[in-house]
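Source file work_21.cif; content: mmCIF, C-alpha atoms and all ligand atoms.
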```
data_coords
#
loop_
_atom_site.label_atom_id
_atom_site.label_comp_id
_atom_site.auth_asym_id
_atom_site.auth_seq_id
_atom_site.Cartn_x
_atom_site.Cartn_y
_atom_site.Cartn_z
CA MET A 1 91.81 44.97 136.87
CA VAL A 2 94.92 46.26 138.66
CA LYS A 3 92.62 47.37 141.47
CA GLU A 4 91.43 43.76 141.76
CA LEU A 5 95.05 42.66 142.07
CA VAL A 6 95.66 45.14 144.86
CA ASN A 7 92.49 43.97 146.64
CA GLY A 8 93.59 40.38 146.08
CA PHE A 9 96.91 41.11 147.73
CA LYS A 10 95.15 42.73 150.64
CA ASN A 11 93.08 39.54 151.07
CA PHE A 12 96.25 37.47 150.82
CA ARG A 13 97.87 39.52 153.57
CA ASP A 14 94.80 39.47 155.80
CA SER A 15 93.84 35.82 155.42
CA TYR A 16 96.52 33.61 153.80
CA PHE A 17 99.46 35.35 155.45
CA GLU A 18 97.76 35.47 158.83
CA LYS A 19 97.26 31.70 158.81
CA ARG A 20 100.73 30.85 157.48
CA SER A 21 102.88 33.70 158.74
CA GLN A 22 105.36 31.32 160.39
CA VAL A 23 105.96 29.39 157.16
CA LEU A 24 106.31 32.58 155.15
CA GLN A 25 108.64 34.19 157.69
CA GLN A 26 110.80 31.05 157.62
CA LEU A 27 110.93 31.22 153.81
CA ALA A 28 112.01 34.87 154.05
CA LYS A 29 114.67 34.04 156.62
CA LYS A 30 116.06 30.76 155.31
CA GLY A 31 115.39 31.14 151.58
CA GLN A 32 113.55 28.82 149.26
CA SER A 33 114.13 25.09 148.91
CA PRO A 34 111.39 23.85 146.57
CA LYS A 35 111.58 20.18 145.64
CA THR A 36 109.75 20.52 142.33
CA MET A 37 110.16 22.59 139.20
CA VAL A 38 107.21 23.11 136.88
CA ILE A 39 107.57 24.29 133.30
CA CYS A 40 104.22 25.30 131.86
CA CYS A 41 102.54 27.71 129.47
CA SER A 42 101.94 31.41 130.14
CA ASP A 43 98.25 30.74 129.41
CA SER A 44 96.09 32.34 132.11
CA ARG A 45 94.09 29.12 132.48
CA VAL A 46 97.13 27.15 133.61
CA GLU A 47 97.77 28.05 137.26
CA PRO A 48 100.14 25.51 138.82
CA SER A 49 99.67 26.64 142.44
CA ILE A 50 95.89 26.38 142.19
CA LEU A 51 95.96 23.15 140.18
CA PHE A 52 98.32 21.40 142.56
CA GLY A 53 97.25 23.05 145.81
CA THR A 54 100.72 24.38 146.55
CA GLY A 55 101.82 27.51 148.36
CA PRO A 56 104.80 29.87 148.48
CA GLY A 57 108.09 27.97 148.58
CA ASP A 58 106.70 24.74 147.06
CA LEU A 59 107.23 25.14 143.31
CA PHE A 60 109.98 26.67 141.20
CA VAL A 61 108.06 27.72 138.11
CA VAL A 62 108.95 28.75 134.58
CA ARG A 63 106.14 29.81 132.29
CA ASN A 64 106.53 30.65 128.64
CA VAL A 65 104.48 30.51 125.45
CA ALA A 66 103.77 26.82 124.68
CA ASN A 67 105.85 25.45 127.60
CA LEU A 68 108.99 25.17 125.51
CA VAL A 69 112.39 23.91 126.55
CA PRO A 70 114.83 24.62 123.71
CA PRO A 71 117.75 22.21 123.26
CA PHE A 72 120.87 22.97 125.33
CA THR A 73 122.77 24.10 122.21
CA SER A 74 120.03 26.52 121.12
CA LYS A 75 120.76 30.22 121.18
CA ASP A 76 117.27 30.80 122.55
CA ASN A 77 117.82 29.00 125.83
CA VAL A 78 119.22 31.76 128.05
CA SER A 79 116.07 32.34 130.11
CA ILE A 80 114.95 28.74 130.50
CA GLY A 81 118.58 27.59 130.65
CA SER A 82 119.33 29.83 133.63
CA ALA A 83 116.19 28.66 135.44
CA LEU A 84 117.06 24.99 134.80
CA GLU A 85 120.64 25.56 135.91
CA TYR A 86 119.48 27.21 139.14
CA ALA A 87 116.87 24.53 139.82
CA VAL A 88 119.20 21.59 139.20
CA LYS A 89 122.56 22.85 140.43
CA ILE A 90 121.60 25.16 143.30
CA LEU A 91 118.12 24.16 144.49
CA ARG A 92 118.67 20.49 143.60
CA VAL A 93 114.99 19.89 142.86
CA LYS A 94 113.88 16.25 142.89
CA ASP A 95 111.35 16.49 140.06
CA ILE A 96 110.86 18.56 136.93
CA VAL A 97 107.40 18.53 135.36
CA VAL A 98 106.81 19.84 131.84
CA MET A 99 103.09 20.45 131.54
CA GLY A 100 101.29 21.25 128.29
CA HIS A 101 97.60 21.94 128.03
CA ALA A 102 94.50 21.76 125.85
CA HIS A 103 93.65 24.63 123.48
CA CYS A 104 97.20 26.01 123.61
CA GLY A 105 97.45 29.19 121.54
CA GLY A 106 101.23 28.82 121.36
CA VAL A 107 101.03 25.37 119.80
CA ALA A 108 98.28 26.62 117.46
CA ALA A 109 100.65 29.42 116.40
CA LEU A 110 103.35 26.82 115.71
CA CYS A 111 100.97 24.77 113.54
CA LYS A 112 100.00 27.91 111.65
CA SER A 113 103.64 28.88 111.20
CA ILE A 114 104.48 25.44 109.76
CA ASN A 115 101.49 25.57 107.39
CA ASN A 116 102.37 29.11 106.26
CA ASP A 117 105.99 28.14 105.66
CA LYS A 118 104.81 25.20 103.54
CA LYS A 119 102.66 27.50 101.44
CA GLY A 120 105.36 30.17 101.28
CA GLU A 121 103.06 32.65 103.02
CA VAL A 122 105.81 34.09 105.14
CA LYS A 123 104.16 37.48 105.52
CA ASP A 124 100.88 36.12 106.79
CA ASN A 125 100.28 37.13 110.40
CA PRO A 126 103.70 38.70 110.95
CA SER A 127 105.03 38.76 114.49
CA ASP A 128 108.06 40.24 116.15
CA PHE A 129 108.76 37.32 118.46
CA ILE A 130 106.02 34.68 118.54
CA LYS A 131 106.91 32.92 115.28
CA SER A 132 110.62 32.66 116.05
CA TRP A 133 109.87 31.44 119.57
CA VAL A 134 107.30 28.74 118.69
CA ASP A 135 109.38 27.67 115.66
CA ILE A 136 111.87 26.25 118.19
CA ALA A 137 109.47 23.33 118.52
CA LYS A 138 109.10 22.73 114.76
CA PRO A 139 111.00 19.41 114.96
CA ALA A 140 108.33 18.19 117.40
CA LEU A 141 105.69 18.25 114.66
CA SER A 142 107.84 17.06 111.76
CA LYS A 143 106.12 13.65 111.66
CA ILE A 144 102.58 15.01 112.06
CA ASP A 145 100.49 15.74 108.97
CA LEU A 146 98.91 19.04 109.95
CA ASP A 147 96.83 19.07 106.76
CA HIS A 148 95.13 15.85 107.75
CA ASN A 149 91.57 16.50 108.87
CA ASP A 150 91.91 14.78 112.22
CA ALA A 151 89.84 15.91 115.19
CA ASN A 152 92.72 15.02 117.51
CA ILE A 153 95.39 16.97 115.64
CA GLU A 154 95.38 19.75 118.24
CA VAL A 155 95.87 17.36 121.16
CA THR A 156 98.44 15.33 119.22
CA SER A 157 100.44 18.50 118.49
CA GLU A 158 100.25 19.77 122.06
CA ARG A 159 101.44 16.45 123.44
CA ALA A 160 104.23 16.25 120.83
CA VAL A 161 105.48 19.67 121.98
CA VAL A 162 105.46 18.49 125.61
CA LEU A 163 107.49 15.43 124.61
CA TYR A 164 109.88 17.65 122.66
CA SER A 165 110.51 19.86 125.73
CA TYR A 166 110.76 16.76 127.94
CA SER A 167 113.40 15.13 125.74
CA ASN A 168 115.30 18.42 125.38
CA LEU A 169 115.70 18.51 129.17
CA LEU A 170 118.13 15.61 128.81
CA THR A 171 120.36 17.63 126.46
CA TYR A 172 121.41 19.78 129.45
CA PRO A 173 124.49 17.85 130.64
CA TRP A 174 124.14 18.49 134.42
CA LEU A 175 120.42 17.68 134.24
CA ASN A 176 121.10 14.47 132.35
CA ASP A 177 123.75 13.63 134.93
CA ALA A 178 121.28 14.14 137.82
CA VAL A 179 118.70 11.91 136.07
CA SER A 180 121.34 9.21 135.50
CA LYS A 181 122.20 9.31 139.20
CA ASN A 182 118.51 9.01 140.14
CA SER A 183 118.64 12.27 142.09
CA LEU A 184 116.20 13.86 139.65
CA GLU A 185 113.11 12.61 137.85
CA ILE A 186 111.52 14.32 134.85
CA HIS A 187 107.86 14.13 133.87
CA ALA A 188 105.72 15.03 130.84
CA TRP A 189 102.09 15.96 131.62
CA TRP A 190 99.22 17.36 129.59
CA LEU A 191 96.28 19.15 131.18
CA ASP A 192 92.74 19.17 129.83
CA PHE A 193 90.91 21.80 131.84
CA LYS A 194 87.61 21.16 130.06
CA SER A 195 87.29 17.61 131.35
CA VAL A 196 89.52 18.42 134.34
CA MET A 197 91.87 15.58 133.50
CA LEU A 198 95.60 15.32 133.89
CA TRP A 199 97.47 13.03 131.52
CA LYS A 200 101.02 11.77 131.80
CA LYS A 201 103.54 10.27 129.42
CA ALA A 202 103.49 6.50 129.86
CA GLN A 203 106.73 4.92 131.00
CA GLY A 204 108.82 3.71 128.06
CA SER A 205 106.35 5.08 125.53
CA ASP A 206 105.40 8.38 123.93
CA SER A 207 101.70 7.82 124.51
CA PHE A 208 99.80 9.67 127.20
CA ILE A 209 97.63 7.99 129.81
CA PRO A 210 95.17 9.59 132.24
CA MET A 211 96.37 9.91 135.82
CA ASP A 212 94.95 7.51 138.37
CA PHE A 213 93.46 9.12 141.43
ZN ZN B 1 99.54 27.38 125.97
#
```
Spit out the file's structure as C-alpha cells when you get a sec.
Amino acid sequence: MVKELVNGFKNFRDSYFEKRSQVLQQLAKKGQSPKTMVICCSDSRVEPSILFGTGPGDLFVVRNVANLVPPFTSKDNVSIGSALEYAVKILRVKDIVVMGHAHCGGVAALCKSINNDKKGEVKDNPSDFIKSWVDIAKPALSKIDLDHNDANIEVTSERAVVLYSYSNLLTYPWLNDAVSKNSLEIHAWWLDFKSVMLWKKAQGSDSFIPMDF
C-alpha cells in the first residue's frame, strides 16, 4: 500500500503539479490563506478535497474520530483548540463546516459506550483512548433512547453529534466573537455517501434538510 502512495505522489507531481505549478509555487512563497475550515471524521470514506473538488491551499482541515469539537473548557481540546485558534485568529477563515457522516464508527463506539455504562459493563471492549475520546460527546445523546428499536437511531445519533460539535464551536470566545461580528459563519453538515447526499442543519432548527443543487 505504501508503494501505491509513492506512485500516487509521482502521478501528482507529473500531472497535477505540472498543470498547477504556478498556484502551488505561489502557495509555497506566500503561505496559505484558506477561506474555509472543515472539521470531519478520520474515516477513510470522508475525503473533503475529493468531495468538494478543492485543491492545495483551499481548505484548512481537522479530522478526528467522530468529528468532535470538545467544549472550550474541556481538557481534551488542545489539538482541536489550537487548530480553531489558528484558523480563526491567524487565517481568519470565513466559514467553518462541521461534517458528520453515515455509518460513523466513532459515533457507534459512543453509543456502545453509553449502553455499556448503563449496564455497568465497563470492561467490555476496553480501549486505551477511543472510549474517553468519544465519551466527550455523551451529552449529545442524552435525550436519545438508544435502546429504542428505531431504524433511524444511527442517523439521529450521528446528526446529534454534529450539532453538539457545532454548538461547542460557539463556546470558544474569539470564535463566538467572530460569528457575532458576521466575519465568520459556522455550518453543520451530514454526509450520506451511500445515496451521495449532503444534508445541512436547517436555519433556526436542529433538523437536517438535504442540500439543494
Ligand atoms: Zn466517522
Dump the neighbourhood of ligand ZN 1 (chain B) as a ChimeraX atom specification: all residues within 6 Å, distances computed on only C-alpha atoms and all ligand atoms. /A:41,43,65-66,104-106
Please, what distance in Å, to one decimal, runs between atom CA of Val97 of chain A and atom CA of His187 of chain A? 4.7 Å
Report, in Å to a single decimal, how far apart atom CA of Trp189 of chain A and atom CA of Val98 of chain A are. 6.1 Å
Which residue, A:Ser33, A:Lys10, A:Ala137, A:Gly100, has the smallest gap to Trp199 of chain A when you use all atoms listed in the file?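 Ranked by minimum distance to Trp199 of chain A, first place goes to A:Gly100.
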Set the distance at 9 Å and use all atoms listed in the file: which residues neighbour Ser157 of chain A once local chain neighbours fewer than 6 positions away are removed? I'd like the list as a PDB file with C-alpha atoms, in the frame of the given file.
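result.pdb, freshly written:
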```pdb
ATOM      1  CA  VAL A 107     101.030  25.370 119.800  1.00  0.00           C
ATOM      2  CA  ALA A 108      98.280  26.620 117.460  1.00  0.00           C
ATOM      3  CA  CYS A 111     100.970  24.770 113.540  1.00  0.00           C
ATOM      4  CA  ALA A 140     108.330  18.190 117.400  1.00  0.00           C
ATOM      5  CA  LEU A 141     105.690  18.250 114.660  1.00  0.00           C
ATOM      6  CA  ILE A 144     102.580  15.010 112.060  1.00  0.00           C
ATOM      7  CA  LEU A 146      98.910  19.040 109.950  1.00  0.00           C
TER       8      LEU A 146
END
```
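The protein and nucleic acid residues lying at most 9 Å from Ala109 of chain A are Cys104, Gly105, Gly106, Lys112, Ser113, Ile114, Ile130, Lys131, Val134 and Asp135 of chain A, with only C-alpha atoms considered and sequence neighbours fewer than 3 positions away removed.
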